[in-house]
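Q: This is query-v3.csv (CSV, C-alpha atoms).
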chain,number,residue,atom,x,y,z
A,31,MET,CA,39.7,-5.5,-60.9
A,32,SER,CA,37.6,-8.6,-61.6
A,33,GLY,CA,34.4,-8.6,-59.6
A,34,THR,CA,31.7,-10.9,-58.5
A,35,SER,CA,29.8,-10.6,-61.8
A,36,LEU,CA,32.7,-12.6,-63.5
A,37,ASP,CA,32.2,-10.7,-66.7
A,38,GLY,CA,35.8,-9.5,-67.2
A,39,VAL,CA,38.8,-7.6,-66.0
A,40,ASP,CA,39.0,-3.8,-65.9
A,41,GLY,CA,42.3,-1.9,-65.4
A,42,VAL,CA,43.2,1.7,-65.1
A,43,LEU,CA,46.5,3.6,-65.1
A,44,ALA,CA,45.8,6.2,-62.4
A,45,ASP,CA,47.6,9.3,-61.1
A,46,PHE,CA,47.0,10.4,-57.6
A,47,SER,CA,49.6,13.2,-57.4
A,48,ASP,CA,47.4,16.3,-57.5
A,49,THR,CA,43.7,15.3,-57.6
A,50,PRO,CA,41.6,12.5,-56.0
A,51,VAL,CA,42.4,10.6,-59.2
A,52,ARG,CA,43.3,11.2,-62.8
A,53,VAL,CA,42.8,8.3,-65.2
A,54,ILE,CA,45.4,8.2,-67.9
A,55,ALA,CA,44.2,5.0,-69.6
A,56,HIS,CA,41.6,2.3,-69.2
A,57,ALA,CA,41.7,-1.3,-70.6
A,58,GLU,CA,39.5,-4.3,-70.3
A,59,ARG,CA,39.4,-8.0,-71.2
A,60,PRO,CA,36.5,-10.4,-71.0
A,61,LEU,CA,36.9,-13.4,-68.7
A,62,PRO,CA,37.3,-16.5,-70.9
A,63,PRO,CA,34.3,-18.9,-70.5
A,64,SER,CA,36.6,-21.7,-69.2
A,65,LEU,CA,38.1,-19.4,-66.5
A,66,ARG,CA,34.6,-18.1,-65.5
A,67,GLU,CA,33.4,-21.6,-65.1
A,68,ALA,CA,36.5,-22.5,-63.0
A,69,PHE,CA,35.7,-19.6,-60.6
A,70,HIS,CA,32.0,-20.6,-60.5
A,71,THR,CA,32.9,-24.1,-59.4
A,72,LEU,CA,35.4,-22.8,-56.8
A,73,ASN,CA,32.5,-21.0,-55.1
A,74,VAL,CA,31.3,-24.3,-53.8
A,75,PRO,CA,33.0,-27.4,-52.3
A,76,GLY,CA,34.4,-29.8,-54.8
A,77,ASP,CA,37.2,-32.3,-55.7
A,78,ASN,CA,40.8,-31.2,-56.0
A,79,GLU,CA,40.1,-27.6,-55.1
A,80,LEU,CA,43.7,-26.6,-54.3
A,81,HIS,CA,44.9,-27.7,-57.7
A,82,ARG,CA,42.1,-26.1,-59.6
A,83,ALA,CA,42.5,-22.9,-57.6
A,84,ALA,CA,46.2,-22.7,-58.4
A,85,LEU,CA,45.6,-23.2,-62.1
A,86,ALA,CA,42.8,-20.5,-62.1
A,87,ALA,CA,45.2,-18.1,-60.3
A,88,ASN,CA,47.9,-18.6,-62.9
A,89,ALA,CA,45.4,-18.0,-65.7
A,90,LEU,CA,44.0,-14.9,-64.0
A,91,ALA,CA,47.6,-13.5,-63.6
A,92,ARG,CA,48.2,-13.9,-67.3
A,93,LEU,CA,44.9,-12.1,-68.1
A,94,TYR,CA,45.8,-9.3,-65.7
A,95,ASN,CA,49.2,-9.0,-67.4
A,96,GLU,CA,47.4,-8.6,-70.8
A,97,VAL,CA,45.4,-5.7,-69.4
A,98,ILE,CA,48.6,-4.1,-67.9
A,99,GLN,CA,50.5,-4.4,-71.2
A,100,ASP,CA,47.5,-2.8,-73.0
A,101,LEU,CA,47.5,0.1,-70.5
A,102,LEU,CA,51.2,0.7,-70.9
A,103,GLU,CA,51.0,0.6,-74.7
A,104,ARG,CA,47.9,2.8,-74.9
A,105,SER,CA,49.4,5.5,-72.7
A,106,GLY,CA,53.0,5.2,-73.9
A,107,THR,CA,54.1,5.0,-70.3
A,108,PRO,CA,57.5,3.3,-69.5
A,109,ARG,CA,57.0,0.6,-66.9
A,110,HIS,CA,59.7,2.1,-64.6
A,111,LEU,CA,57.3,5.1,-64.0
A,112,ILE,CA,54.6,2.8,-62.5
A,113,ALA,CA,54.8,2.7,-58.7
A,114,ALA,CA,52.8,-0.5,-58.3
A,115,ILE,CA,50.0,-2.6,-59.6
A,116,GLY,CA,47.0,-3.0,-57.4
A,117,ALA,CA,45.6,-6.5,-58.1
A,118,HIS,CA,42.5,-7.6,-56.3
A,119,GLY,CA,42.1,-11.2,-57.5
A,120,GLN,CA,38.9,-13.1,-57.8
A,121,THR,CA,36.8,-13.7,-54.7
A,122,VAL,CA,35.6,-17.3,-54.4
A,123,ARG,CA,34.7,-17.5,-50.7
A,124,HIS,CA,33.8,-14.7,-48.4
A,125,LEU,CA,32.9,-15.8,-44.8
A,126,PRO,CA,34.0,-13.1,-42.4
A,127,ARG,CA,33.3,-13.6,-38.6
A,128,LEU,CA,33.1,-17.4,-39.0
A,129,ASP,CA,35.3,-19.6,-36.8
A,130,GLY,CA,35.0,-17.8,-33.5
A,131,GLY,CA,34.6,-14.4,-35.0
A,132,THR,CA,37.5,-14.0,-37.4
A,133,GLY,CA,36.4,-16.1,-40.4
A,134,TYR,CA,38.1,-15.6,-43.7
A,135,THR,CA,37.9,-14.1,-47.2
A,136,LEU,CA,39.6,-15.8,-50.2
A,137,GLN,CA,40.6,-14.1,-53.4
A,138,ILE,CA,42.2,-16.3,-56.0
A,139,ASN,CA,45.3,-14.5,-57.2
A,140,GLN,CA,48.9,-15.1,-58.2
A,141,ALA,CA,50.6,-11.8,-57.4
A,142,ALA,CA,54.1,-13.3,-57.5
A,143,GLN,CA,53.6,-14.5,-61.0
A,144,LEU,CA,52.1,-11.2,-62.1
A,145,ALA,CA,55.1,-9.3,-60.8
A,146,GLU,CA,57.3,-11.7,-62.8
A,147,LEU,CA,55.2,-11.2,-65.9
A,148,CYS,CA,54.9,-7.4,-65.9
A,149,GLY,CA,58.2,-6.5,-64.2
A,150,ILE,CA,56.3,-4.1,-61.8
A,151,ASP,CA,55.7,-4.3,-58.0
A,152,VAL,CA,52.3,-5.8,-57.2
A,153,ILE,CA,50.2,-5.1,-54.2
A,154,ALA,CA,47.5,-7.7,-53.5
A,155,ASP,CA,45.6,-9.4,-50.7
A,156,PHE,CA,43.7,-6.2,-49.7
A,157,ARG,CA,41.0,-7.7,-47.6
A,158,SER,CA,42.6,-10.2,-45.2
A,159,ARG,CA,44.1,-7.6,-42.8
A,160,ASP,CA,40.7,-6.0,-42.1
A,161,VAL,CA,39.2,-9.5,-41.5
A,162,ALA,CA,42.1,-10.3,-39.2
A,163,ALA,CA,41.2,-7.1,-37.2
A,164,GLY,CA,37.6,-8.4,-36.8
A,165,GLY,CA,36.2,-6.6,-39.8
A,166,GLN,CA,34.1,-7.8,-42.8
A,167,GLY,CA,36.9,-7.1,-45.2
A,168,ALA,CA,34.3,-5.4,-47.4
A,169,PRO,CA,33.4,-3.1,-48.8
A,170,LEU,CA,36.8,-1.5,-49.0
A,171,VAL,CA,35.9,1.3,-51.5
A,172,PRO,CA,33.9,3.7,-49.3
A,173,PRO,CA,36.9,5.8,-48.2
A,174,PHE,CA,37.8,6.2,-51.9
A,175,HIS,CA,34.2,7.2,-52.7
A,176,GLN,CA,34.4,9.7,-49.9
A,177,ALA,CA,37.5,11.3,-51.3
A,178,LEU,CA,36.0,11.5,-54.8
A,179,PHE,CA,32.3,12.2,-54.3
A,180,ALA,CA,31.5,13.6,-50.9
A,181,SER,CA,30.0,17.1,-50.6
A,182,PRO,CA,29.3,19.4,-47.5
A,183,GLU,CA,26.2,20.6,-49.3
A,184,GLU,CA,24.1,17.4,-49.5
A,185,THR,CA,24.0,13.8,-48.3
A,186,ARG,CA,24.9,11.4,-51.1
A,187,ALA,CA,25.2,7.7,-51.8
A,188,VAL,CA,27.4,5.8,-54.2
A,189,LEU,CA,25.8,2.7,-55.5
A,190,ASN,CA,28.0,0.0,-57.1
A,191,LEU,CA,26.0,-2.4,-59.2
A,192,GLY,CA,28.4,-5.3,-59.7
A,193,GLY,CA,27.7,-8.9,-59.0
A,194,ILE,CA,26.6,-7.7,-55.6
A,195,ALA,CA,25.1,-4.3,-54.9
A,196,ASN,CA,26.9,-2.2,-52.4
A,197,LEU,CA,26.2,1.3,-51.0
A,198,THR,CA,28.5,4.0,-49.6
A,199,LEU,CA,26.6,6.7,-47.6
A,200,LEU,CA,28.4,10.0,-47.7
A,201,PRO,CA,27.1,12.4,-45.1
A,202,ALA,CA,27.2,16.1,-45.6
A,203,ALA,CA,28.1,16.7,-42.0
A,204,PRO,CA,31.8,16.0,-41.3
A,205,THR,CA,30.9,14.7,-37.8
A,206,THR,CA,28.7,11.9,-39.1
A,207,PRO,CA,30.5,8.6,-39.7
A,208,LEU,CA,31.1,7.2,-43.1
A,209,MET,CA,29.0,4.2,-43.8
A,210,GLY,CA,29.1,1.4,-46.4
A,211,PHE,CA,27.8,-2.1,-46.8
A,212,ASP,CA,26.6,-4.7,-49.3
A,213,CYS,CA,22.8,-4.6,-49.7
A,214,GLY,CA,22.0,-7.6,-51.8
A,215,PRO,CA,22.5,-9.1,-55.3
A,216,ALA,CA,22.8,-6.9,-58.3
A,217,ASN,CA,24.0,-8.8,-61.5
A,218,THR,CA,25.1,-12.1,-60.1
A,219,LEU,CA,21.7,-13.8,-60.0
A,220,LEU,CA,20.5,-12.1,-63.1
A,221,ASP,CA,23.5,-13.2,-65.2
A,222,GLN,CA,23.4,-16.7,-63.8
A,223,TRP,CA,19.7,-17.2,-64.6
A,224,CYS,CA,20.0,-15.6,-68.0
A,225,ARG,CA,23.0,-17.8,-68.9
A,226,GLN,CA,21.2,-20.9,-67.7
A,227,HIS,CA,18.0,-20.3,-69.7
A,228,THR,CA,19.0,-18.3,-72.7
A,229,GLY,CA,22.7,-19.1,-73.3
A,230,SER,CA,23.6,-15.4,-73.1
A,231,ASP,CA,26.1,-14.2,-70.6
A,232,PHE,CA,23.8,-11.3,-69.5
A,233,ASP,CA,20.3,-9.9,-70.0
A,234,ALA,CA,21.2,-7.0,-72.4
A,235,ASN,CA,19.5,-3.8,-71.2
A,236,GLY,CA,17.2,-6.0,-69.1
A,237,ALA,CA,15.1,-6.8,-72.2
A,238,TRP,CA,14.4,-10.4,-71.2
A,239,ALA,CA,13.3,-9.3,-67.7
A,240,ARG,CA,11.1,-6.7,-69.2
A,241,SER,CA,9.3,-9.4,-71.2
A,242,GLY,CA,8.3,-11.1,-68.0
A,243,LYS,CA,6.1,-10.3,-65.0
A,244,VAL,CA,7.2,-9.9,-61.4
A,245,ARG,CA,5.8,-12.7,-59.3
A,246,ALA,CA,4.7,-11.2,-56.0
A,247,ASP,CA,4.8,-14.5,-54.2
A,248,LEU,CA,8.4,-15.3,-55.2
A,249,LEU,CA,9.5,-11.8,-54.5
A,250,ALA,CA,8.0,-11.8,-51.0
A,251,ALA,CA,9.6,-15.2,-50.3
A,252,MET,CA,13.1,-13.8,-51.3
A,253,GLN,CA,12.6,-10.7,-49.3
A,254,THR,CA,12.5,-12.7,-46.1
A,255,GLU,CA,16.2,-13.5,-46.5
A,256,PRO,CA,17.7,-12.4,-43.1
A,257,PHE,CA,20.6,-10.6,-44.8
A,258,PHE,CA,18.3,-7.9,-46.1
A,259,HIS,CA,17.1,-7.1,-42.6
A,260,ILE,CA,20.4,-6.8,-40.6
A,261,LYS,CA,22.2,-3.5,-40.3
A,262,GLY,CA,25.8,-2.9,-41.3
A,263,PRO,CA,28.6,-3.6,-41.1
A,264,LYS,CA,27.7,-6.4,-43.4
A,265,SER,CA,28.9,-8.0,-46.6
A,266,THR,CA,27.9,-10.9,-48.8
A,267,GLY,CA,28.7,-12.7,-52.1
A,268,ARG,CA,28.0,-15.8,-54.0
A,269,ASP,CA,28.4,-17.8,-50.8
A,270,LEU,CA,24.8,-16.7,-50.1
A,271,PHE,CA,23.3,-15.4,-53.3
A,272,ASN,CA,23.8,-18.2,-55.8
A,273,ALA,CA,21.8,-20.6,-58.0
A,274,THR,CA,21.0,-22.9,-55.1
A,275,TRP,CA,19.5,-19.9,-53.2
A,276,VAL,CA,17.2,-19.2,-56.2
A,277,VAL,CA,16.2,-22.9,-56.6
A,278,GLN,CA,15.3,-23.2,-52.9
A,279,HIS,CA,12.8,-20.4,-53.2
A,280,LEU,CA,11.4,-21.7,-56.5
A,281,GLU,CA,10.8,-25.1,-55.0
A,282,ARG,CA,8.5,-23.6,-52.4
A,283,ILE,CA,6.6,-21.6,-55.0
A,284,GLY,CA,6.2,-24.0,-57.9
A,285,ALA,CA,6.6,-23.7,-61.6
A,286,ILE,CA,7.2,-20.2,-62.9
A,287,LYS,CA,8.1,-19.0,-66.4
A,288,ALA,CA,11.8,-18.3,-66.8
A,289,GLN,CA,11.3,-14.7,-67.9
A,290,ASP,CA,9.1,-14.1,-64.9
A,291,VAL,CA,11.9,-15.3,-62.6
A,292,GLN,CA,14.2,-12.9,-64.3
A,293,ALA,CA,11.8,-10.0,-63.9
A,294,THR,CA,11.4,-10.9,-60.2
A,295,LEU,CA,15.2,-11.2,-59.7
A,296,THR,CA,15.6,-7.7,-61.2
A,297,GLU,CA,12.9,-6.4,-58.9
A,298,LEU,CA,14.7,-8.0,-55.9
A,299,SER,CA,18.0,-6.2,-56.9
A,300,ALA,CA,16.2,-2.9,-57.1
A,301,TRP,CA,14.3,-3.5,-53.9
A,302,GLY,CA,17.4,-4.4,-52.0
A,303,VAL,CA,18.9,-1.0,-52.7
A,304,ALA,CA,15.7,0.9,-51.9
A,305,HIS,CA,15.1,-1.0,-48.7
A,306,ALA,CA,18.7,-0.3,-47.5
A,307,LEU,CA,18.1,3.4,-48.1
A,308,GLU,CA,14.8,3.6,-46.3
A,309,GLY,CA,14.8,6.4,-43.7
A,310,ASN,CA,18.1,7.8,-44.9
A,311,PRO,CA,18.3,11.4,-46.0
A,312,VAL,CA,20.3,10.6,-49.2
A,313,GLN,CA,19.3,13.1,-52.0
A,314,THR,CA,21.7,12.0,-54.8
A,315,VAL,CA,22.7,8.5,-55.7
A,316,ILE,CA,25.8,8.2,-57.8
A,317,VAL,CA,25.7,4.9,-59.7
A,318,CYS,CA,28.6,2.9,-61.1
A,319,GLY,CA,29.3,-0.7,-62.1
A,320,GLY,CA,28.0,-2.9,-64.9
A,321,GLY,CA,24.4,-2.9,-63.7
A,322,LEU,CA,24.2,0.7,-64.9
A,323,ARG,CA,23.9,-0.7,-68.4
A,324,ASN,CA,20.8,-2.6,-67.5
A,325,GLY,CA,18.1,-0.1,-68.5
A,326,TYR,CA,15.3,-2.1,-66.9
A,327,LEU,CA,17.1,-2.4,-63.6
A,328,MET,CA,17.7,1.4,-63.6
A,329,GLU,CA,14.0,2.0,-64.3
A,330,ARG,CA,13.0,-0.1,-61.4
A,331,LEU,CA,15.5,1.7,-59.1
A,332,ARG,CA,14.1,5.1,-60.1
A,333,ALA,CA,10.6,3.8,-59.6
A,334,LEU,CA,11.3,2.6,-56.1
A,335,MET,CA,13.2,5.7,-55.1
A,336,PRO,CA,11.3,8.5,-56.8
A,337,LYS,CA,12.5,11.3,-54.5
A,338,ARG,CA,16.2,10.5,-55.0
A,339,THR,CA,18.2,11.6,-58.0
A,340,LEU,CA,20.1,8.8,-59.7
A,341,THR,CA,23.0,9.7,-61.9
A,342,ALA,CA,25.9,7.8,-63.5
A,343,SER,CA,29.3,8.5,-62.0
A,344,ASP,CA,30.4,9.7,-65.5
A,345,ALA,CA,28.6,12.9,-64.7
A,346,TRP,CA,30.9,13.3,-61.7
A,347,GLY,CA,34.1,12.9,-63.6
A,348,LEU,CA,34.7,9.1,-63.5
A,349,PRO,CA,33.2,6.7,-65.9
A,350,ALA,CA,31.1,4.0,-64.2
A,351,GLN,CA,33.2,1.1,-65.6
A,352,GLN,CA,36.4,2.6,-64.1
A,353,VAL,CA,35.3,3.3,-60.5
A,354,GLU,CA,36.1,-0.1,-59.0
A,355,ALA,CA,39.5,-0.4,-60.7
A,356,CYS,CA,40.4,3.1,-59.6
A,357,ALA,CA,39.4,2.3,-56.1
A,358,PHE,CA,41.9,-0.6,-55.9
A,359,ALA,CA,44.6,1.6,-57.6
A,360,TRP,CA,43.9,4.0,-54.7
A,361,LEU,CA,44.2,1.2,-52.2
A,362,ALA,CA,47.6,0.3,-53.7
A,363,TYR,CA,48.6,4.0,-53.6
A,364,ARG,CA,47.8,4.1,-49.9
A,365,HIS,CA,49.8,1.0,-49.2
A,366,ASP,CA,52.7,2.4,-51.3
A,367,HIS,CA,52.7,5.5,-49.1
A,368,GLY,CA,52.3,3.6,-45.8
A,369,LEU,CA,48.8,5.1,-45.2
A,370,VAL,CA,45.8,3.4,-43.7
A,371,ALA,CA,43.0,2.7,-46.1
A,372,SER,CA,40.2,0.9,-44.3
A,373,ASN,CA,37.5,2.5,-42.3
A,374,PRO,CA,36.3,0.6,-39.1
A,375,ASP,CA,32.9,2.4,-39.1
A,376,VAL,CA,32.3,0.6,-42.5
A,377,THR,CA,33.8,-2.8,-41.9
A,378,GLY,CA,33.5,-3.2,-38.2
A,379,ALA,CA,37.2,-3.8,-37.6
A,380,LEU,CA,39.0,-2.9,-34.5
A,381,GLY,CA,40.7,0.0,-36.3
A,382,ALA,CA,42.0,1.4,-39.6
A,383,ARG,CA,44.7,-0.6,-41.2
A,384,ILE,CA,47.2,-0.4,-44.0
A,385,LEU,CA,45.8,-2.9,-46.5
A,386,GLY,CA,47.6,-5.3,-48.9
A,387,ALA,CA,50.9,-7.1,-49.2
A,388,ARG,CA,53.7,-6.2,-51.6
A,389,TYR,CA,55.3,-8.5,-54.2
A,390,PRO,CA,58.5,-6.7,-55.5
A,391,ALA,CA,59.2,-7.2,-59.2
What would the structure in this file look like if it were written as structure tokens?
A:
Amino acid sequence: MSGTSLDGVDGVLADFSDTPVRVIAHAERPLPPSLREAFHTLNVPGDNELHRAALAANALARLYNEVIQDLLERSGTPRHLIAAIGAHGQTVRHLPRLDGGTGYTLQINQAAQLAELCGIDVIADFRSRDVAAGGQGAPLVPPFHQALFASPEETRAVLNLGGIANLTLLPAAPTTPLMGFDCGPANTLLDQWCRQHTGSDFDANGAWARSGKVRADLLAAMQTEPFFHIKGPKSTGRDLFNATWVVQHLERIGAIKAQDVQATLTELSAWGVAHALEGNPVQTVIVCGGGLRNGYLMERLRALMPKRTLTASDAWGLPAQQVEACAFAWLAYRHDHGLVASNPDVTGALGARILGARYPA
């Protein structure tokens, strides 16, 4: 899995035979700066896009293969015992329900090359079938969250703080539908602003944001974004929350210290989650994703939701950095067994579908 934050690739070797999931091994690789920049530029229109996208896909396949080889070596697992590789690819455009209601979602990937490199069947292209069925194509992980974290004793939520923040609402009552949706930016704007003004890839523990002050005028302007105020099913990405979006708001406000912008963007990320949960009886929020390591962001989340208990997914048996990769391993498992994996209550599709396409080794 390589997510919207563009920080790197996480991979797991997962066993689904007798429990919701047992992780045998975990491996990760940082995204090389040149590849990260290639994906950044593919998020917006530009020259020679098809050629640049193909080269980026090839590079990503090689990086995925490095993670796969690492997993096999660490675990001592022969490759013939692996049923399939679930490879998500890198989202560069996500515009569902465009073009008369269908729209599209585009993940840069080279599943055929990956199958050649690793000698294992690859299952990829998980989102497009849901979009073809009228859905958002995202988020796809709520059914996995439900299998792993739901309880009949309390209403819970799973919060993934990746580039984009998304929520899964897990009702205690079995008759209440599962819900899940993107609720706004998490790390994507924070990382972009930090990289632009400090040269660092991310704001370590939120220290730079903590040194600034939240600008109420900028925050209020950003909170008027219509996406925050529509109900799910809904999904978003860098197509909306990007550097241009930030600059447009800053131009209306005027000069602001860079660290104050970072503090305000952090507050926006926390507020987006709290706002999405307003009026919901969620008692426990299980947090995963890279944003969990941002201490200041977590402080602001707890401050804005004082009556909810926020805990890392580690306390529930699955380390936060492994949840998304496990979810796409689960999607590949479902495809391998001919089982539906999407939930139309979450994505708004016409019905549940088997997701993904197989590339035999």
Q: Please report as a Markdown table every residue of range 71-156 of chain A lying within 10 Å of range 373-388 of chain A, along with the nearest atom pair and their distance in Å (one decimal), using only C-alpha atoms.
A:
| residue | atom | partner | partner_atom | distance |
| --- | --- | --- | --- | --- |
| A:Ala114 | CA | A:Arg388 | CA | 8.8 |
| A:Ile115 | CA | A:Arg388 | CA | 9.5 |
| A:Gly116 | CA | A:Gly386 | CA | 8.8 |
| A:Ala117 | CA | A:Gly386 | CA | 9.5 |
| A:His118 | CA | A:Gly386 | CA | 9.3 |
| A:Ala141 | CA | A:Arg388 | CA | 8.6 |
| A:Ala142 | CA | A:Arg388 | CA | 9.2 |
| A:Ala145 | CA | A:Arg388 | CA | 9.8 |
| A:Asp151 | CA | A:Arg388 | CA | 7.0 |
| A:Val152 | CA | A:Arg388 | CA | 5.8 |
| A:Ile153 | CA | A:Arg388 | CA | 4.5 |
| A:Ala154 | CA | A:Gly386 | CA | 5.2 |
| A:Asp155 | CA | A:Gly386 | CA | 4.9 |
| A:Phe156 | CA | A:Gly386 | CA | 4.1 |
Q: Report as a Markdown table the residues of range 108-204 of chain A within 6 Å of range 84-97 of chain A, each with its shortest atom pair and distance in Å (one decimal), using only C-alpha atoms, ordered by chain and increasing residue number.
A:
| residue | atom | partner | partner_atom | distance |
| --- | --- | --- | --- | --- |
| A:Ile138 | CA | A:Ala87 | CA | 5.5 |
| A:Asn139 | CA | A:Ala87 | CA | 4.8 |
| A:Gln140 | CA | A:Ala87 | CA | 5.2 |
| A:Leu144 | CA | A:Ala91 | CA | 5.3 |
Q: Mind writing the picked residues with C-alpha atoms as a PDB file, in the frame of the given file?
A:
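Writing done, so here's selection.pdb:
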ATOM      1  CA  ILE A 138      42.200 -16.300 -56.000  1.00  0.00           C
ATOM      2  CA  ASN A 139      45.300 -14.500 -57.200  1.00  0.00           C
ATOM      3  CA  GLN A 140      48.900 -15.100 -58.200  1.00  0.00           C
ATOM      4  CA  LEU A 144      52.100 -11.200 -62.100  1.00  0.00           C
TER       5      LEU A 144
END
Q: Report, in Å with one decimal, the straight-line distance from CA of Val161 in chain A to CA of Asp129 in chain A.
A: 11.8 Å
Q: Pick from A:Leu219, A:Leu298, A:Ala239, A:Val317: nearest to Arg186 in chain A, with only C-alpha atoms counted?
A: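 Checking each candidate against Arg186 in chain A, we get A:Val317 as the closest.
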Q: Can you pull out the residues contacting Met31 in chain A? Cut-off 12 Å, using only C-alpha atoms, and skip same-chain residues under 3 positions away; I want them as a ChimeraX atom specification.
A: /A:34-42,56-61,90-91,93-94,97-98,115-121,137,139,154,156,192,319,351-359,361
Q: Find the residues around Asp45 in chain A up to 12 Å (only C-alpha atoms counted), leave out those fewer than 4 positions away in its own chain, and share them as a list in words.
A: Thr49, Pro50, Val51, Arg52, Val53, Ile54, Ala55, Leu111, Ile112, Ala113, Ala114, Cys356, Ala357, Ala359, Trp360, Ala362 and Tyr363 of chain A
Q: Would you mind exporting C-alpha atoms of the selected residues as a CSV table (one decimal), in the frame of the given file?
A:
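For reference, result.csv as written:
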chain,number,residue,atom,x,y,z
A,49,THR,CA,43.7,15.3,-57.6
A,50,PRO,CA,41.6,12.5,-56.0
A,51,VAL,CA,42.4,10.6,-59.2
A,52,ARG,CA,43.3,11.2,-62.8
A,53,VAL,CA,42.8,8.3,-65.2
A,54,ILE,CA,45.4,8.2,-67.9
A,55,ALA,CA,44.2,5.0,-69.6
A,111,LEU,CA,57.3,5.1,-64.0
A,112,ILE,CA,54.6,2.8,-62.5
A,113,ALA,CA,54.8,2.7,-58.7
A,114,ALA,CA,52.8,-0.5,-58.3
A,356,CYS,CA,40.4,3.1,-59.6
A,357,ALA,CA,39.4,2.3,-56.1
A,359,ALA,CA,44.6,1.6,-57.6
A,360,TRP,CA,43.9,4.0,-54.7
A,362,ALA,CA,47.6,0.3,-53.7
A,363,TYR,CA,48.6,4.0,-53.6
Q: Between A:Leu189, A:Leu128, A:Ala300, A:Leu249, which is the closest to Gly165 in chain A once you count all atoms listed in the file?
A: A:Leu128
Q: Using only C-alpha atoms, can you tell me which of A:Asn235, A:Asn190, A:Ser158, A:Ser32 comes closest to Arg127 in chain A?
A: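 Of all the options, A:Ser158 lies closest to Arg127 in chain A.
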Q: Mind pulling up the distance from CA of His124 in chain A to CA of Lys261 in chain A?
A: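 CA of His124 in chain A lies 18.0 Å from CA of Lys261 in chain A.
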Q: With distances taken over only C-alpha atoms, which residue among A:Gly33, A:Gly284, A:Gly236, A:Gly320 lies nearest Ala350 in chain A?
A: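 Closest residue, counting only C-alpha atoms: A:Gly320.
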